[in-house]
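J.: Dropping the structure in here first, questions after.
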Amino acid sequence: MTLFEKIIAGDIPADFVHKDDHVVAFRDIKPVAPTHILIVPRKPIPTLNDIGDEDAPLLGHMFLVARDLAKKEGIAEGGYRAIFNCNSHGGQEVYHIHLHLVGGQKLGNTGWK
Ligand code: 5GP
């Protein structure tokens with residue numbers, strides 16, 4: 001079971017900001033900016049390399065949730081980053097795909113990953 005499956009199952013607590021049939025979203029435990037949310041599919045796909053053609057609607061849904069959460073967090077107009085890290089060179093630590101929604105301040109090119 002991945003760490004994020006344990007969070008989805010409720011075995012590890014998290015600060016959830018969204019839940020639906022396909023994804024959950026919760027605040028990152030080590031935020032790098034005032035808003036740092038992880039949008040995680042209930043389906044435990046290890047990396048972006050493992051997504052199938054059939055996962056296209058799920059990936060699209062993750063971005064729609066990011067769009068809505070950005071608005072809700074008040075960071076839509078100021079701007080933000082929506083990032084997937086993949087494998088070692090991408091700095092991936094949890095092998096269950098997740099979309100980072102990061103914003104709330106001007107983001108530089110250093111300091112994260
Ligand atoms: P990755 O490096 O795989 O792209 O991102 C994993 C993220 O998960 C990191 O930003 C890390 O801070 C976050 N994280 C790791 N463990 C936990 C946890 O137990 N709870 C929460 N909410 N976030 C976690």
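Chains: A, B, ... in order of the structure tokens. Residues: from 1 per chain. Ligands: from 1, in order shown.
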I'd like to know which residues of chain A are strand (DSSP E or B) (by DSSP, run on the backbone); could you write them as a ChimeraX atom specification?
T.: /A:16-19,23-27,35-41,80-83,99-103
J.: Mind dumping the selected residues with N, CA, C and O atoms as an mmCIF file, in the first residue's frame?
T.:
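That gives us out.cif:
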data_model
loop_
_atom_site.group_PDB
_atom_site.id
_atom_site.type_symbol
_atom_site.label_atom_id
_atom_site.label_comp_id
_atom_site.auth_asym_id
_atom_site.auth_seq_id
_atom_site.Cartn_x
_atom_site.Cartn_y
_atom_site.Cartn_z
ATOM 1 N N PHE A 16 -7.619 17.324 4.491
ATOM 2 C CA PHE A 16 -8.282 17.214 3.188
ATOM 3 C C PHE A 16 -8.969 18.514 2.806
ATOM 4 O O PHE A 16 -9.598 19.171 3.639
ATOM 5 N N VAL A 17 -8.858 18.883 1.530
ATOM 6 C CA VAL A 17 -9.562 20.058 1.018
ATOM 7 C C VAL A 17 -10.553 19.679 -0.070
ATOM 8 O O VAL A 17 -11.354 20.507 -0.497
ATOM 9 N N HIS A 18 -10.500 18.430 -0.514
ATOM 10 C CA HIS A 18 -11.420 17.977 -1.561
ATOM 11 C C HIS A 18 -11.442 16.450 -1.569
ATOM 12 O O HIS A 18 -10.408 15.805 -1.387
ATOM 13 N N LYS A 19 -12.646 15.898 -1.819
ATOM 14 C CA LYS A 19 -12.797 14.447 -2.011
ATOM 15 C C LYS A 19 -13.897 14.229 -3.034
ATOM 16 O O LYS A 19 -14.951 14.880 -2.947
ATOM 17 N N VAL A 23 -10.724 11.360 -7.056
ATOM 18 C CA VAL A 23 -9.516 11.945 -6.477
ATOM 19 C C VAL A 23 -9.777 12.466 -5.067
ATOM 20 O O VAL A 23 -10.925 12.732 -4.686
ATOM 21 N N VAL A 24 -8.687 12.621 -4.312
ATOM 22 C CA VAL A 24 -8.745 13.374 -3.060
ATOM 23 C C VAL A 24 -7.657 14.452 -3.161
ATOM 24 O O VAL A 24 -6.729 14.339 -3.971
ATOM 25 N N ALA A 25 -7.791 15.491 -2.348
ATOM 26 C CA ALA A 25 -6.759 16.526 -2.292
ATOM 27 C C ALA A 25 -6.561 16.902 -0.831
ATOM 28 O O ALA A 25 -7.535 17.016 -0.066
ATOM 29 N N PHE A 26 -5.300 17.032 -0.454
ATOM 30 C CA PHE A 26 -4.980 17.396 0.938
ATOM 31 C C PHE A 26 -3.719 18.240 0.941
ATOM 32 O O PHE A 26 -2.951 18.252 -0.034
ATOM 33 N N ARG A 27 -3.518 18.951 2.056
ATOM 34 C CA ARG A 27 -2.364 19.854 2.142
ATOM 35 C C ARG A 27 -1.075 19.063 2.361
ATOM 36 O O ARG A 27 -1.063 18.091 3.131
ATOM 37 N N THR A 35 0.116 28.109 -0.204
ATOM 38 C CA THR A 35 -0.779 27.028 -0.655
ATOM 39 C C THR A 35 0.080 25.930 -1.268
ATOM 40 O O THR A 35 0.874 26.186 -2.184
ATOM 41 N N HIS A 36 -0.033 24.728 -0.729
ATOM 42 C CA HIS A 36 0.649 23.565 -1.313
ATOM 43 C C HIS A 36 -0.260 22.361 -1.073
ATOM 44 O O HIS A 36 -0.314 21.816 0.027
ATOM 45 N N ILE A 37 -0.967 22.013 -2.126
ATOM 46 C CA ILE A 37 -1.979 20.950 -2.057
ATOM 47 C C ILE A 37 -1.559 19.822 -2.990
ATOM 48 O O ILE A 37 -1.021 20.072 -4.084
ATOM 49 N N LEU A 38 -1.810 18.596 -2.572
ATOM 50 C CA LEU A 38 -1.558 17.428 -3.414
ATOM 51 C C LEU A 38 -2.891 16.868 -3.877
ATOM 52 O O LEU A 38 -3.774 16.593 -3.056
ATOM 53 N N ILE A 39 -3.045 16.729 -5.186
ATOM 54 C CA ILE A 39 -4.261 16.162 -5.768
ATOM 55 C C ILE A 39 -3.907 14.736 -6.207
ATOM 56 O O ILE A 39 -3.005 14.544 -7.032
ATOM 57 N N VAL A 40 -4.583 13.773 -5.605
ATOM 58 C CA VAL A 40 -4.154 12.374 -5.697
ATOM 59 C C VAL A 40 -5.304 11.503 -6.193
ATOM 60 O O VAL A 40 -6.392 11.512 -5.593
ATOM 61 N N PRO A 41 -5.090 10.731 -7.258
ATOM 62 C CA PRO A 41 -6.156 9.832 -7.704
ATOM 63 C C PRO A 41 -6.330 8.671 -6.721
ATOM 64 O O PRO A 41 -5.350 8.215 -6.122
ATOM 65 N N TYR A 80 0.096 30.252 -10.074
ATOM 66 C CA TYR A 80 0.537 29.077 -9.296
ATOM 67 C C TYR A 80 1.238 28.113 -10.235
ATOM 68 O O TYR A 80 1.296 28.335 -11.458
ATOM 69 N N ARG A 81 1.783 27.045 -9.638
ATOM 70 C CA ARG A 81 2.322 25.949 -10.443
ATOM 71 C C ARG A 81 1.519 24.690 -10.173
ATOM 72 O O ARG A 81 1.081 24.454 -9.043
ATOM 73 N N ALA A 82 1.346 23.876 -11.207
ATOM 74 C CA ALA A 82 0.713 22.564 -11.101
ATOM 75 C C ALA A 82 1.713 21.570 -11.681
ATOM 76 O O ALA A 82 2.024 21.620 -12.870
ATOM 77 N N ILE A 83 2.246 20.730 -10.799
ATOM 78 C CA ILE A 83 3.453 19.959 -11.149
ATOM 79 C C ILE A 83 3.293 18.478 -10.815
ATOM 80 O O ILE A 83 2.838 18.112 -9.726
ATOM 81 N N LEU A 99 -0.615 15.512 -8.222
ATOM 82 C CA LEU A 99 -0.408 16.827 -8.820
ATOM 83 C C LEU A 99 -0.210 17.821 -7.683
ATOM 84 O O LEU A 99 -1.086 17.962 -6.824
ATOM 85 N N HIS A 100 0.966 18.472 -7.676
ATOM 86 C CA HIS A 100 1.225 19.516 -6.675
ATOM 87 C C HIS A 100 0.585 20.814 -7.165
ATOM 88 O O HIS A 100 0.836 21.238 -8.300
ATOM 89 N N LEU A 101 -0.204 21.445 -6.323
ATOM 90 C CA LEU A 101 -0.736 22.784 -6.597
ATOM 91 C C LEU A 101 -0.040 23.727 -5.616
ATOM 92 O O LEU A 101 -0.234 23.619 -4.400
ATOM 93 N N VAL A 102 0.813 24.587 -6.160
ATOM 94 C CA VAL A 102 1.688 25.410 -5.319
ATOM 95 C C VAL A 102 1.507 26.880 -5.677
ATOM 96 O O VAL A 102 1.645 27.256 -6.850
ATOM 97 N N GLY A 103 1.224 27.702 -4.684
ATOM 98 C CA GLY A 103 1.075 29.133 -4.965
ATOM 99 C C GLY A 103 0.902 29.937 -3.695
ATOM 100 O O GLY A 103 1.129 29.448 -2.588
#
J.: Could you give me the residues within 6 Å of ligand 1, counting only C-alpha atoms and all ligand atoms, as a PyMOL selection string?
T.: chain A and resi 14+27-30+85+91-94
J.: Select, from A:Gly52, A:Gly79, A:Pro46, A:Gly108, the residue with the minimum atom-to-atom distance to A:Met1, counting only C-alpha atoms.
T.: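 Checking each of A:Gly52, A:Gly79, A:Pro46, A:Gly108 against A:Met1, counting only C-alpha atoms, the winner is A:Pro46.
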J.: Between A:Gly104, A:Pro57, A:Leu48, A:Phe84, which residue has the minimum interatomic distance to A:Lys72, considering only C-alpha atoms?
T.: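 Smallest distance to A:Lys72 is found for A:Gly104.
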J.: Ranking A:His22, A:His61, A:His89, A:His96 by minimum distance to A:Phe4 and counting only C-alpha atoms, which one comes first?
T.: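 Between A:His22, A:His61, A:His89, A:His96, the residue approaching A:Phe4 most closely is A:His96.
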J.: Rank nothing, just name the residue among A:Pro34, A:Gly74, A:Pro44, A:Gly90 nearest to A:Thr2, using only C-alpha atoms.
T.: A:Pro44
J.: In Å to one decimal, how far is atom CA of A:Ile75 from atom CA of A:Glu5?
T.: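 Going from atom CA of A:Glu5 over to atom CA of A:Ile75 covers 27.7 Å.
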J.: Give the answer as one residue: which of A:Ile7, A:Met62, A:Cys86, A:Leu107 has the shortest atom-to-atom distance to A:Thr47, using only C-alpha atoms?
T.: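 So, comparing all the options, the nearest one is A:Cys86.
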J.: Report the distance between atom CA of A:Glu73 and atom CA of A:Ile12 in Å, rounded to one decimal place.
T.: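 Distance reported for this atom pair: 23.9 Å.
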